[in-house]
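J.: Pasting my_file07.txt below, which is compact mmCIF, N, CA and C atoms.
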# COMPACT_ATOMS: atom_id res chain seq x y z
N MET A 1 67.24 93.86 92.89
CA MET A 1 67.64 95.09 93.54
C MET A 1 67.76 96.24 92.53
N TYR A 2 68.49 96.02 91.43
CA TYR A 2 68.65 97.05 90.40
C TYR A 2 67.85 96.66 89.16
N SER A 3 67.33 97.66 88.48
CA SER A 3 66.57 97.41 87.25
C SER A 3 67.53 96.99 86.12
N GLU A 4 66.95 96.46 85.06
CA GLU A 4 67.76 96.08 83.89
C GLU A 4 68.45 97.30 83.30
N LYS A 5 67.77 98.45 83.30
CA LYS A 5 68.37 99.67 82.74
C LYS A 5 69.56 100.13 83.57
N VAL A 6 69.47 100.05 84.89
CA VAL A 6 70.60 100.41 85.73
C VAL A 6 71.78 99.50 85.41
N MET A 7 71.50 98.20 85.35
CA MET A 7 72.57 97.23 85.06
C MET A 7 73.18 97.47 83.68
N ASP A 8 72.36 97.82 82.70
CA ASP A 8 72.86 98.08 81.35
C ASP A 8 73.76 99.32 81.34
N HIS A 9 73.33 100.40 81.99
CA HIS A 9 74.14 101.62 82.01
C HIS A 9 75.40 101.46 82.86
N PHE A 10 75.37 100.56 83.83
CA PHE A 10 76.57 100.26 84.60
C PHE A 10 77.53 99.41 83.78
N SER A 11 77.01 98.38 83.14
CA SER A 11 77.85 97.47 82.36
C SER A 11 78.33 98.06 81.05
N ASN A 12 77.51 98.92 80.46
CA ASN A 12 77.82 99.53 79.16
C ASN A 12 77.57 101.03 79.23
N PRO A 13 78.34 101.73 80.05
CA PRO A 13 78.07 103.17 80.21
C PRO A 13 78.27 103.93 78.91
N ARG A 14 77.40 104.90 78.69
CA ARG A 14 77.48 105.76 77.51
C ARG A 14 78.27 107.02 77.87
N ASN A 15 78.98 107.56 76.90
CA ASN A 15 79.63 108.86 77.03
C ASN A 15 80.73 108.90 78.10
N VAL A 16 81.44 107.79 78.28
CA VAL A 16 82.51 107.75 79.26
C VAL A 16 83.76 108.41 78.70
N GLY A 17 84.45 109.16 79.53
CA GLY A 17 85.72 109.73 79.14
C GLY A 17 85.80 111.21 79.44
N GLU A 18 86.76 111.83 78.82
CA GLU A 18 87.03 113.24 79.03
C GLU A 18 87.00 113.95 77.68
N LEU A 19 86.37 115.11 77.64
CA LEU A 19 86.34 115.92 76.42
C LEU A 19 87.50 116.91 76.46
N GLU A 20 88.41 116.79 75.54
CA GLU A 20 89.54 117.72 75.51
C GLU A 20 89.11 119.13 75.13
N ASN A 21 88.05 119.25 74.34
CA ASN A 21 87.58 120.57 73.92
C ASN A 21 86.38 121.05 74.72
N ALA A 22 86.22 120.52 75.93
CA ALA A 22 85.09 120.92 76.77
C ALA A 22 85.17 122.40 77.11
N ASN A 23 84.04 123.07 77.02
CA ASN A 23 83.99 124.47 77.46
C ASN A 23 83.13 124.61 78.71
N ALA A 24 82.87 123.47 79.36
CA ALA A 24 82.14 123.44 80.63
C ALA A 24 82.50 122.15 81.35
N VAL A 25 82.92 122.28 82.60
CA VAL A 25 83.29 121.11 83.39
C VAL A 25 82.71 121.29 84.80
N GLY A 26 82.06 120.26 85.28
CA GLY A 26 81.52 120.30 86.63
C GLY A 26 81.89 119.05 87.38
N GLN A 27 82.28 119.21 88.63
CA GLN A 27 82.62 118.06 89.46
C GLN A 27 81.91 118.19 90.80
N VAL A 28 81.29 117.11 91.23
CA VAL A 28 80.62 117.06 92.52
C VAL A 28 80.97 115.74 93.20
N GLY A 29 80.80 115.72 94.50
CA GLY A 29 81.08 114.49 95.23
C GLY A 29 80.31 114.43 96.52
N ASN A 30 80.26 113.25 97.06
CA ASN A 30 79.61 113.01 98.34
C ASN A 30 80.65 112.35 99.23
N ALA A 31 81.12 113.09 100.23
CA ALA A 31 82.18 112.60 101.11
C ALA A 31 81.75 111.36 101.89
N ARG A 32 80.49 111.26 102.19
CA ARG A 32 80.02 110.13 102.99
C ARG A 32 80.15 108.80 102.26
N CYS A 33 79.76 108.77 100.99
CA CYS A 33 79.81 107.50 100.25
C CYS A 33 81.04 107.40 99.35
N GLY A 34 81.71 108.53 99.10
CA GLY A 34 82.92 108.51 98.29
C GLY A 34 82.72 108.66 96.80
N ASP A 35 81.47 108.83 96.35
CA ASP A 35 81.22 108.99 94.91
C ASP A 35 81.70 110.36 94.44
N ILE A 36 82.33 110.39 93.28
CA ILE A 36 82.77 111.63 92.64
C ILE A 36 82.37 111.56 91.17
N MET A 37 81.69 112.61 90.69
CA MET A 37 81.28 112.68 89.29
C MET A 37 81.86 113.93 88.66
N LYS A 38 82.41 113.75 87.47
CA LYS A 38 82.92 114.88 86.70
C LYS A 38 82.27 114.83 85.33
N ILE A 39 81.62 115.92 84.97
CA ILE A 39 80.90 116.03 83.68
C ILE A 39 81.61 117.05 82.81
N TYR A 40 81.81 116.71 81.54
CA TYR A 40 82.42 117.59 80.55
C TYR A 40 81.37 117.88 79.48
N LEU A 41 81.16 119.15 79.17
CA LEU A 41 80.21 119.53 78.13
C LEU A 41 80.91 120.34 77.04
N GLN A 42 80.48 120.12 75.81
CA GLN A 42 80.87 120.97 74.69
C GLN A 42 79.59 121.65 74.23
N ILE A 43 79.49 122.94 74.53
CA ILE A 43 78.28 123.70 74.22
C ILE A 43 78.56 124.64 73.06
N GLU A 44 77.72 124.58 72.04
CA GLU A 44 77.82 125.48 70.88
C GLU A 44 76.43 126.02 70.57
N ASP A 45 76.34 127.33 70.43
CA ASP A 45 75.06 127.98 70.13
C ASP A 45 73.96 127.54 71.09
N ASP A 46 74.32 127.45 72.37
CA ASP A 46 73.40 127.11 73.46
C ASP A 46 72.90 125.66 73.41
N ILE A 47 73.55 124.82 72.62
CA ILE A 47 73.18 123.41 72.51
C ILE A 47 74.34 122.55 73.01
N ILE A 48 74.02 121.53 73.78
CA ILE A 48 75.05 120.59 74.27
C ILE A 48 75.34 119.63 73.13
N LYS A 49 76.44 119.90 72.44
CA LYS A 49 76.82 119.12 71.26
C LYS A 49 77.44 117.79 71.66
N ASP A 50 78.20 117.79 72.77
CA ASP A 50 78.84 116.56 73.22
C ASP A 50 78.95 116.60 74.73
N VAL A 51 78.99 115.43 75.33
CA VAL A 51 79.07 115.31 76.78
C VAL A 51 79.80 114.01 77.12
N LYS A 52 80.64 114.08 78.11
CA LYS A 52 81.36 112.90 78.61
C LYS A 52 81.36 112.97 80.13
N PHE A 53 81.65 111.84 80.75
CA PHE A 53 81.74 111.83 82.21
C PHE A 53 82.82 110.88 82.67
N LYS A 54 83.32 111.16 83.86
CA LYS A 54 84.20 110.27 84.59
C LYS A 54 83.61 110.18 85.99
N THR A 55 83.35 108.97 86.44
CA THR A 55 82.76 108.78 87.75
C THR A 55 83.55 107.75 88.53
N PHE A 56 83.84 108.10 89.76
CA PHE A 56 84.44 107.17 90.71
C PHE A 56 83.36 106.87 91.72
N GLY A 57 82.90 105.64 91.74
CA GLY A 57 81.84 105.31 92.68
C GLY A 57 81.23 103.95 92.38
N CYS A 58 80.10 103.73 92.98
CA CYS A 58 79.39 102.46 92.86
C CYS A 58 78.71 102.34 91.50
N GLY A 59 78.11 101.18 91.28
CA GLY A 59 77.40 100.94 90.02
C GLY A 59 76.28 101.92 89.76
N ALA A 60 75.56 102.30 90.81
CA ALA A 60 74.47 103.27 90.64
C ALA A 60 75.00 104.64 90.25
N ALA A 61 76.17 105.01 90.77
CA ALA A 61 76.77 106.29 90.41
C ALA A 61 77.15 106.30 88.93
N VAL A 62 77.72 105.21 88.45
CA VAL A 62 78.09 105.10 87.04
C VAL A 62 76.83 105.13 86.18
N ALA A 63 75.82 104.38 86.57
CA ALA A 63 74.58 104.30 85.78
C ALA A 63 73.87 105.65 85.72
N THR A 64 73.80 106.37 86.84
CA THR A 64 73.12 107.66 86.82
C THR A 64 73.91 108.69 86.01
N SER A 65 75.23 108.62 86.07
CA SER A 65 76.05 109.52 85.25
C SER A 65 75.80 109.26 83.77
N SER A 66 75.82 107.98 83.41
CA SER A 66 75.59 107.59 82.02
C SER A 66 74.23 108.05 81.53
N MET A 67 73.20 107.80 82.32
CA MET A 67 71.84 108.19 81.92
C MET A 67 71.71 109.70 81.83
N ALA A 68 72.25 110.42 82.79
CA ALA A 68 72.14 111.88 82.77
C ALA A 68 72.79 112.45 81.52
N THR A 69 73.94 111.92 81.11
CA THR A 69 74.60 112.42 79.90
C THR A 69 73.75 112.14 78.67
N GLU A 70 73.12 110.98 78.63
CA GLU A 70 72.22 110.66 77.52
C GLU A 70 71.04 111.62 77.47
N MET A 71 70.56 112.01 78.63
CA MET A 71 69.36 112.86 78.70
C MET A 71 69.63 114.31 78.31
N VAL A 72 70.88 114.78 78.43
CA VAL A 72 71.15 116.18 78.09
C VAL A 72 71.83 116.36 76.74
N LYS A 73 72.38 115.32 76.19
CA LYS A 73 73.07 115.42 74.90
C LYS A 73 72.11 115.86 73.81
N GLY A 74 72.49 116.93 73.09
CA GLY A 74 71.65 117.46 72.02
C GLY A 74 70.59 118.44 72.49
N LYS A 75 70.49 118.63 73.79
CA LYS A 75 69.50 119.54 74.36
C LYS A 75 70.07 120.94 74.50
N SER A 76 69.20 121.90 74.65
CA SER A 76 69.65 123.26 74.94
C SER A 76 70.11 123.33 76.39
N VAL A 77 70.87 124.36 76.72
CA VAL A 77 71.30 124.56 78.09
C VAL A 77 70.08 124.70 78.99
N ALA A 78 69.08 125.44 78.55
CA ALA A 78 67.86 125.63 79.34
C ALA A 78 67.18 124.29 79.62
N GLU A 79 67.10 123.44 78.61
CA GLU A 79 66.49 122.12 78.81
C GLU A 79 67.31 121.28 79.78
N ALA A 80 68.63 121.35 79.67
CA ALA A 80 69.51 120.58 80.56
C ALA A 80 69.35 121.03 82.01
N LEU A 81 69.10 122.33 82.19
CA LEU A 81 68.90 122.85 83.54
C LEU A 81 67.63 122.31 84.19
N GLU A 82 66.72 121.80 83.39
CA GLU A 82 65.48 121.24 83.92
C GLU A 82 65.63 119.79 84.36
N LEU A 83 66.77 119.18 84.08
CA LEU A 83 67.01 117.79 84.49
C LEU A 83 66.93 117.67 86.01
N THR A 84 66.19 116.68 86.47
CA THR A 84 66.07 116.44 87.90
C THR A 84 66.56 115.04 88.23
N ASN A 85 66.91 114.85 89.48
CA ASN A 85 67.31 113.50 89.89
C ASN A 85 66.15 112.53 89.73
N LYS A 86 64.93 113.00 89.92
CA LYS A 86 63.77 112.13 89.77
C LYS A 86 63.62 111.66 88.32
N ALA A 87 63.89 112.56 87.37
CA ALA A 87 63.82 112.18 85.96
C ALA A 87 64.88 111.13 85.63
N VAL A 88 66.07 111.29 86.20
CA VAL A 88 67.14 110.31 85.98
C VAL A 88 66.72 108.95 86.55
N MET A 89 66.19 108.97 87.77
CA MET A 89 65.73 107.71 88.39
C MET A 89 64.63 107.05 87.57
N GLU A 90 63.67 107.85 87.10
CA GLU A 90 62.58 107.29 86.29
C GLU A 90 63.11 106.69 85.00
N ALA A 91 64.07 107.36 84.37
CA ALA A 91 64.64 106.86 83.12
C ALA A 91 65.36 105.53 83.33
N LEU A 92 65.86 105.32 84.56
CA LEU A 92 66.54 104.07 84.90
C LEU A 92 65.60 103.04 85.51
N ASP A 93 64.31 103.33 85.50
CA ASP A 93 63.30 102.46 86.12
C ASP A 93 63.52 102.29 87.62
N GLY A 94 64.01 103.35 88.25
CA GLY A 94 64.13 103.38 89.70
C GLY A 94 65.50 102.99 90.24
N LEU A 95 65.70 103.40 91.50
CA LEU A 95 66.91 103.07 92.25
C LEU A 95 66.49 102.67 93.65
N PRO A 96 67.28 101.82 94.30
CA PRO A 96 66.99 101.52 95.71
C PRO A 96 67.11 102.80 96.54
N PRO A 97 66.35 102.92 97.61
CA PRO A 97 66.40 104.14 98.43
C PRO A 97 67.81 104.55 98.86
N ALA A 98 68.65 103.59 99.15
CA ALA A 98 70.01 103.90 99.59
C ALA A 98 70.89 104.47 98.48
N LYS A 99 70.41 104.42 97.24
CA LYS A 99 71.20 104.89 96.09
C LYS A 99 70.61 106.14 95.44
N VAL A 100 69.57 106.70 96.01
CA VAL A 100 68.96 107.91 95.46
C VAL A 100 69.98 109.04 95.37
N HIS A 101 70.89 109.10 96.33
CA HIS A 101 71.89 110.18 96.32
C HIS A 101 72.73 110.19 95.05
N CYS A 102 72.85 109.05 94.38
CA CYS A 102 73.60 108.99 93.12
C CYS A 102 72.91 109.81 92.04
N SER A 103 71.59 109.73 92.00
CA SER A 103 70.85 110.53 91.00
C SER A 103 70.94 112.01 91.33
N VAL A 104 70.99 112.34 92.62
CA VAL A 104 71.16 113.74 93.03
C VAL A 104 72.51 114.25 92.55
N LEU A 105 73.55 113.45 92.71
CA LEU A 105 74.88 113.85 92.24
C LEU A 105 74.90 114.05 90.73
N ALA A 106 74.21 113.19 89.99
CA ALA A 106 74.17 113.33 88.53
C ALA A 106 73.54 114.66 88.13
N GLU A 107 72.42 115.00 88.75
CA GLU A 107 71.78 116.29 88.49
C GLU A 107 72.72 117.43 88.85
N GLU A 108 73.35 117.34 90.01
CA GLU A 108 74.24 118.41 90.47
C GLU A 108 75.47 118.55 89.58
N ALA A 109 75.98 117.45 89.05
CA ALA A 109 77.17 117.50 88.18
C ALA A 109 76.84 118.22 86.87
N ILE A 110 75.68 117.94 86.30
CA ILE A 110 75.25 118.63 85.08
C ILE A 110 75.13 120.12 85.37
N LYS A 111 74.49 120.47 86.46
CA LYS A 111 74.30 121.88 86.80
C LYS A 111 75.62 122.57 87.13
N ALA A 112 76.55 121.85 87.76
CA ALA A 112 77.86 122.43 88.05
C ALA A 112 78.61 122.73 86.75
N ALA A 113 78.49 121.86 85.76
CA ALA A 113 79.13 122.10 84.47
C ALA A 113 78.51 123.32 83.79
N ILE A 114 77.22 123.45 83.86
CA ILE A 114 76.54 124.61 83.26
C ILE A 114 76.94 125.89 83.98
N GLU A 115 77.06 125.82 85.30
CA GLU A 115 77.54 126.99 86.05
C GLU A 115 78.93 127.39 85.57
N ASP A 116 79.79 126.39 85.36
CA ASP A 116 81.14 126.65 84.87
C ASP A 116 81.09 127.30 83.49
N TYR A 117 80.19 126.84 82.63
CA TYR A 117 80.05 127.41 81.29
C TYR A 117 79.73 128.90 81.38
N TYR A 118 78.76 129.25 82.22
CA TYR A 118 78.40 130.66 82.38
C TYR A 118 79.56 131.46 82.96
N ALA A 119 80.27 130.90 83.91
CA ALA A 119 81.42 131.61 84.50
C ALA A 119 82.48 131.88 83.45
N ARG A 120 82.74 130.91 82.58
CA ARG A 120 83.73 131.09 81.51
C ARG A 120 83.29 132.16 80.51
N GLN A 121 81.97 132.32 80.36
CA GLN A 121 81.43 133.32 79.45
C GLN A 121 81.34 134.70 80.10
N GLY A 122 81.61 134.74 81.41
CA GLY A 122 81.49 136.00 82.14
C GLY A 122 80.05 136.42 82.34
N LYS A 123 79.16 135.44 82.37
CA LYS A 123 77.73 135.72 82.52
C LYS A 123 77.22 135.17 83.84
N GLU A 124 76.15 135.76 84.33
CA GLU A 124 75.52 135.27 85.55
C GLU A 124 74.83 133.94 85.26
N SER A 125 75.04 132.98 86.12
CA SER A 125 74.46 131.66 85.94
C SER A 125 73.00 131.63 86.36
N PRO A 126 72.16 130.98 85.55
CA PRO A 126 70.75 130.81 85.93
C PRO A 126 70.54 129.59 86.84
N VAL A 127 71.62 128.88 87.16
CA VAL A 127 71.50 127.66 87.96
C VAL A 127 71.02 128.00 89.36
N LYS A 128 69.97 127.35 89.76
CA LYS A 128 69.41 127.49 91.10
C LYS A 128 69.54 126.14 91.78
N THR A 129 70.46 126.02 92.69
CA THR A 129 70.69 124.75 93.37
C THR A 129 70.01 124.77 94.73
N GLU A 130 69.01 123.94 94.84
CA GLU A 130 68.29 123.80 96.10
C GLU A 130 68.15 122.32 96.40
N CYS A 131 68.32 122.00 97.65
CA CYS A 131 68.18 120.61 98.07
C CYS A 131 66.70 120.24 98.09
N SER A 132 66.40 119.13 97.46
CA SER A 132 65.02 118.64 97.48
C SER A 132 64.73 117.83 98.73
N GLY A 133 65.79 117.47 99.45
CA GLY A 133 65.61 116.66 100.65
C GLY A 133 65.22 115.23 100.36
N CYS A 134 65.46 114.79 99.11
CA CYS A 134 64.95 113.49 98.69
C CYS A 134 65.69 112.32 99.31
N CYS A 135 66.95 112.50 99.68
CA CYS A 135 67.70 111.32 100.10
C CYS A 135 68.09 111.31 101.58
N LYS A 136 68.27 112.45 102.15
CA LYS A 136 68.68 112.60 103.54
C LYS A 136 70.01 111.89 103.84
N ASP A 137 70.72 111.46 102.80
CA ASP A 137 72.03 110.83 102.98
C ASP A 137 73.16 111.79 102.64
N CYS A 138 72.85 112.82 101.92
CA CYS A 138 73.88 113.70 101.39
C CYS A 138 74.41 114.63 102.49
N ASP A 139 75.66 114.46 102.87
CA ASP A 139 76.20 115.30 103.93
C ASP A 139 76.45 116.73 103.44
N VAL A 140 76.36 116.96 102.14
CA VAL A 140 76.46 118.32 101.62
C VAL A 140 75.21 119.09 102.04
N HIS A 141 74.07 118.43 102.00
CA HIS A 141 72.80 119.08 102.27
C HIS A 141 72.23 118.78 103.65
N HIS A 142 72.64 117.68 104.24
CA HIS A 142 72.03 117.24 105.50
C HIS A 142 73.11 116.91 106.51
N GLU A 143 73.50 117.87 107.28
CA GLU A 143 74.52 117.60 108.32
C GLU A 143 73.88 116.98 109.52
Represent the supplied structure as structure tokens.

T.:
Amino acid sequence: MYSEKVMDHFSNPRNVGELENANAVGQVGNARCGDIMKIYLQIEDDIIKDVKFKTFGCGAAVATSSMATEMVKGKSVAEALELTNKAVMEALDGLPPAKVHCSVLAEEAIKAAIEDYYARQGKESPVKTECSGCCKDCDVHHE
């Protein structure tokens, strides 16, 4: 059902915890499944120097959070904004269709943190949040 990479990121999640010196924090959730993801970023000179996450949810939610943090750490804010749920799924060697919404939440959590960063800087956010319609499970996007 789950790939070895999903199981590894669930069993040994990377970047778990809270950053006390975070200058960007994003939290998203899906009321239908109960998953909640909170991403903490430490951004310096437009580079994500450190990232941590706290996730309440299923194994796929933990794994996608872990993978997403690995994918943006050390990247520029612009590069992090290009992260997609599909890229997270591919990096994990796929997810079952019923768990695709977890990768959507991971993408949205990263973007929510970046939006927070721009708000703290008093700048307009370049984040463009549009539903891809990939999962049809997300009650945020599909009532």

J.: When you draw a straight line from atom C of Gly57 of chain A to atom C of Val127 of chain A, how long is it in Å?

T.: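 It comes out at 26.3 Å.
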
J.: Rank nothing, just name the residue among A:Ile48, A:Ala119, A:Ala91, A:Cys58 nearest to Val72 of chain A, using only N, CA and C atoms.

T.: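 With only N, CA and C atoms as the atom set, the closest residue is A:Ile48.
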
J.: Have a look at atom CA of Leu41 of chain A and atom CA of Ala87 of chain A and let me know their distance in Å, one decimal.

T.: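 Distance reported for this atom pair: 19.6 Å.
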
J.: So, counting only C-alpha atoms, which residue among A:Ile36, A:Val62, A:Ala31, A:Cys102 is closest to Asn12 of chain A?

T.: A:Val62

J.: What is the atom CA of Ala24 of chain A to atom N of Met7 of chain A distance in Å?

T.: 27.8 Å

J.: Quick one: DSSP strand (DSSP E) residues in segment 22-108 of chain A, as a short mmCIF file (atom, residue, chain, number, x, y, z; two decimals) with N, CA and C atoms, in the coordinates of the input?

T.:
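The result, stored in selection_18.cif:
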data_model
loop_
_atom_site.label_atom_id
_atom_site.label_comp_id
_atom_site.auth_asym_id
_atom_site.auth_seq_id
_atom_site.Cartn_x
_atom_site.Cartn_y
_atom_site.Cartn_z
N ALA A 24 82.87 123.47 79.36
CA ALA A 24 82.14 123.44 80.63
C ALA A 24 82.50 122.15 81.35
N VAL A 25 82.92 122.28 82.60
CA VAL A 25 83.29 121.11 83.39
C VAL A 25 82.71 121.29 84.80
N GLY A 26 82.06 120.26 85.28
CA GLY A 26 81.52 120.30 86.63
C GLY A 26 81.89 119.05 87.38
N GLN A 27 82.28 119.21 88.63
CA GLN A 27 82.62 118.06 89.46
C GLN A 27 81.91 118.19 90.80
N VAL A 28 81.29 117.11 91.23
CA VAL A 28 80.62 117.06 92.52
C VAL A 28 80.97 115.74 93.20
N GLY A 29 80.80 115.72 94.50
CA GLY A 29 81.08 114.49 95.23
C GLY A 29 80.31 114.43 96.52
N ILE A 36 82.33 110.39 93.28
CA ILE A 36 82.77 111.63 92.64
C ILE A 36 82.37 111.56 91.17
N MET A 37 81.69 112.61 90.69
CA MET A 37 81.28 112.68 89.29
C MET A 37 81.86 113.93 88.66
N LYS A 38 82.41 113.75 87.47
CA LYS A 38 82.92 114.88 86.70
C LYS A 38 82.27 114.83 85.33
N ILE A 39 81.62 115.92 84.97
CA ILE A 39 80.90 116.03 83.68
C ILE A 39 81.61 117.05 82.81
N TYR A 40 81.81 116.71 81.54
CA TYR A 40 82.42 117.59 80.55
C TYR A 40 81.37 117.88 79.48
N LEU A 41 81.16 119.15 79.17
CA LEU A 41 80.21 119.53 78.13
C LEU A 41 80.91 120.34 77.04
N GLN A 42 80.48 120.12 75.81
CA GLN A 42 80.87 120.97 74.69
C GLN A 42 79.59 121.65 74.23
N ILE A 43 79.49 122.94 74.53
CA ILE A 43 78.28 123.70 74.22
C ILE A 43 78.56 124.64 73.06
N GLU A 44 77.72 124.58 72.04
CA GLU A 44 77.82 125.48 70.88
C GLU A 44 76.43 126.02 70.57
N ILE A 47 73.55 124.82 72.62
CA ILE A 47 73.18 123.41 72.51
C ILE A 47 74.34 122.55 73.01
N ILE A 48 74.02 121.53 73.78
CA ILE A 48 75.05 120.59 74.27
C ILE A 48 75.34 119.63 73.13
N LYS A 49 76.44 119.90 72.44
CA LYS A 49 76.82 119.12 71.26
C LYS A 49 77.44 117.79 71.66
N ASP A 50 78.20 117.79 72.77
CA ASP A 50 78.84 116.56 73.22
C ASP A 50 78.95 116.60 74.73
N VAL A 51 78.99 115.43 75.33
CA VAL A 51 79.07 115.31 76.78
C VAL A 51 79.80 114.01 77.12
N LYS A 52 80.64 114.08 78.11
CA LYS A 52 81.36 112.90 78.61
C LYS A 52 81.36 112.97 80.13
N PHE A 53 81.65 111.84 80.75
CA PHE A 53 81.74 111.83 82.21
C PHE A 53 82.82 110.88 82.67
N LYS A 54 83.32 111.16 83.86
CA LYS A 54 84.20 110.27 84.59
C LYS A 54 83.61 110.18 85.99
N THR A 55 83.35 108.97 86.44
CA THR A 55 82.76 108.78 87.75
C THR A 55 83.55 107.75 88.53
N PHE A 56 83.84 108.10 89.76
CA PHE A 56 84.44 107.17 90.71
C PHE A 56 83.36 106.87 91.72
#

J.: Write out as a PyMOL selection string each polymer residue whose atoms come within 6 Å of Ile47 of chain A, counting all atoms listed in the file; drop sequence neighbours fewer than 5 positions from it.

T.: chain A and resi 42+74-77

J.: Counting all atoms listed in the file, which of A:Val6, A:Ile114, A:Cys33, A:Val51 gets nearest to Leu19 of chain A?

T.: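 Under the stated criterion, the closest residue is A:Val51.
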
J.: Return as an MDAnalysis selection string the full set of residues in segment 18-77 of chain A whose backbone-based DSSP assignment is helix (DSSP H, G or I).

T.: chainID A and resid 59:72 77

J.: Write out, as a PDB file, in the coordinates of the input, the residues just selected, with N, CA and C atoms.

T.:
ATOM      1  N   GLY A  59      78.110 101.180  91.280  1.00  0.00           N
ATOM      2  CA  GLY A  59      77.400 100.940  90.020  1.00  0.00           C
ATOM      3  C   GLY A  59      76.280 101.920  89.760  1.00  0.00           C
ATOM      4  N   ALA A  60      75.560 102.300  90.810  1.00  0.00           N
ATOM      5  CA  ALA A  60      74.470 103.270  90.640  1.00  0.00           C
ATOM      6  C   ALA A  60      75.000 104.640  90.250  1.00  0.00           C
ATOM      7  N   ALA A  61      76.170 105.010  90.770  1.00  0.00           N
ATOM      8  CA  ALA A  61      76.770 106.290  90.410  1.00  0.00           C
ATOM      9  C   ALA A  61      77.150 106.300  88.930  1.00  0.00           C
ATOM     10  N   VAL A  62      77.720 105.210  88.450  1.00  0.00           N
ATOM     11  CA  VAL A  62      78.090 105.100  87.040  1.00  0.00           C
ATOM     12  C   VAL A  62      76.830 105.130  86.180  1.00  0.00           C
ATOM     13  N   ALA A  63      75.820 104.380  86.570  1.00  0.00           N
ATOM     14  CA  ALA A  63      74.580 104.300  85.780  1.00  0.00           C
ATOM     15  C   ALA A  63      73.870 105.650  85.720  1.00  0.00           C
ATOM     16  N   THR A  64      73.800 106.370  86.840  1.00  0.00           N
ATOM     17  CA  THR A  64      73.120 107.660  86.820  1.00  0.00           C
ATOM     18  C   THR A  64      73.910 108.690  86.010  1.00  0.00           C
ATOM     19  N   SER A  65      75.230 108.620  86.070  1.00  0.00           N
ATOM     20  CA  SER A  65      76.050 109.520  85.250  1.00  0.00           C
ATOM     21  C   SER A  65      75.800 109.260  83.770  1.00  0.00           C
ATOM     22  N   SER A  66      75.820 107.980  83.410  1.00  0.00           N
ATOM     23  CA  SER A  66      75.590 107.590  82.020  1.00  0.00           C
ATOM     24  C   SER A  66      74.230 108.050  81.530  1.00  0.00           C
ATOM     25  N   MET A  67      73.200 107.800  82.320  1.00  0.00           N
ATOM     26  CA  MET A  67      71.840 108.190  81.920  1.00  0.00           C
ATOM     27  C   MET A  67      71.710 109.700  81.830  1.00  0.00           C
ATOM     28  N   ALA A  68      72.250 110.420  82.790  1.00  0.00           N
ATOM     29  CA  ALA A  68      72.140 111.880  82.770  1.00  0.00           C
ATOM     30  C   ALA A  68      72.790 112.450  81.520  1.00  0.00           C
ATOM     31  N   THR A  69      73.940 111.920  81.110  1.00  0.00           N
ATOM     32  CA  THR A  69      74.600 112.420  79.900  1.00  0.00           C
ATOM     33  C   THR A  69      73.750 112.140  78.670  1.00  0.00           C
ATOM     34  N   GLU A  70      73.120 110.980  78.630  1.00  0.00           N
ATOM     35  CA  GLU A  70      72.220 110.660  77.520  1.00  0.00           C
ATOM     36  C   GLU A  70      71.040 111.620  77.470  1.00  0.00           C
ATOM     37  N   MET A  71      70.560 112.010  78.630  1.00  0.00           N
ATOM     38  CA  MET A  71      69.360 112.860  78.700  1.00  0.00           C
ATOM     39  C   MET A  71      69.630 114.310  78.310  1.00  0.00           C
ATOM     40  N   VAL A  72      70.880 114.780  78.430  1.00  0.00           N
ATOM     41  CA  VAL A  72      71.150 116.180  78.090  1.00  0.00           C
ATOM     42  C   VAL A  72      71.830 116.360  76.740  1.00  0.00           C
ATOM     43  N   VAL A  77      70.870 124.360  76.720  1.00  0.00           N
ATOM     44  CA  VAL A  77      71.300 124.560  78.090  1.00  0.00           C
ATOM     45  C   VAL A  77      70.080 124.700  78.990  1.00  0.00           C
TER      46      VAL A  77
END

J.: Which residue is closest to Asp46 of chain A? Choose from A:Ala78, A:Leu83, A:Val16, A:Met1 and count only C-alpha atoms.

T.: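 For Asp46 of chain A, the nearest of the candidates is A:Ala78.
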
J.: Point out the residue among A:Tyr40, A:Lys111, A:His101, A:Asp35 with the least atom-to-atom distance to Glu20 of chain A, counting only N, CA and C atoms.

T.: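 Looking only at the distances to Glu20 of chain A, the closest residue turns out to be A:Tyr40.
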
J.: From the set A:Met37, A:Ala109, A:Met67, A:Ala60, which residue has the shortest atom-to-atom contact distance to Tyr2 of chain A, counting only C-alpha atoms?

T.: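 Among the listed residues, A:Ala60 lies closest to Tyr2 of chain A.
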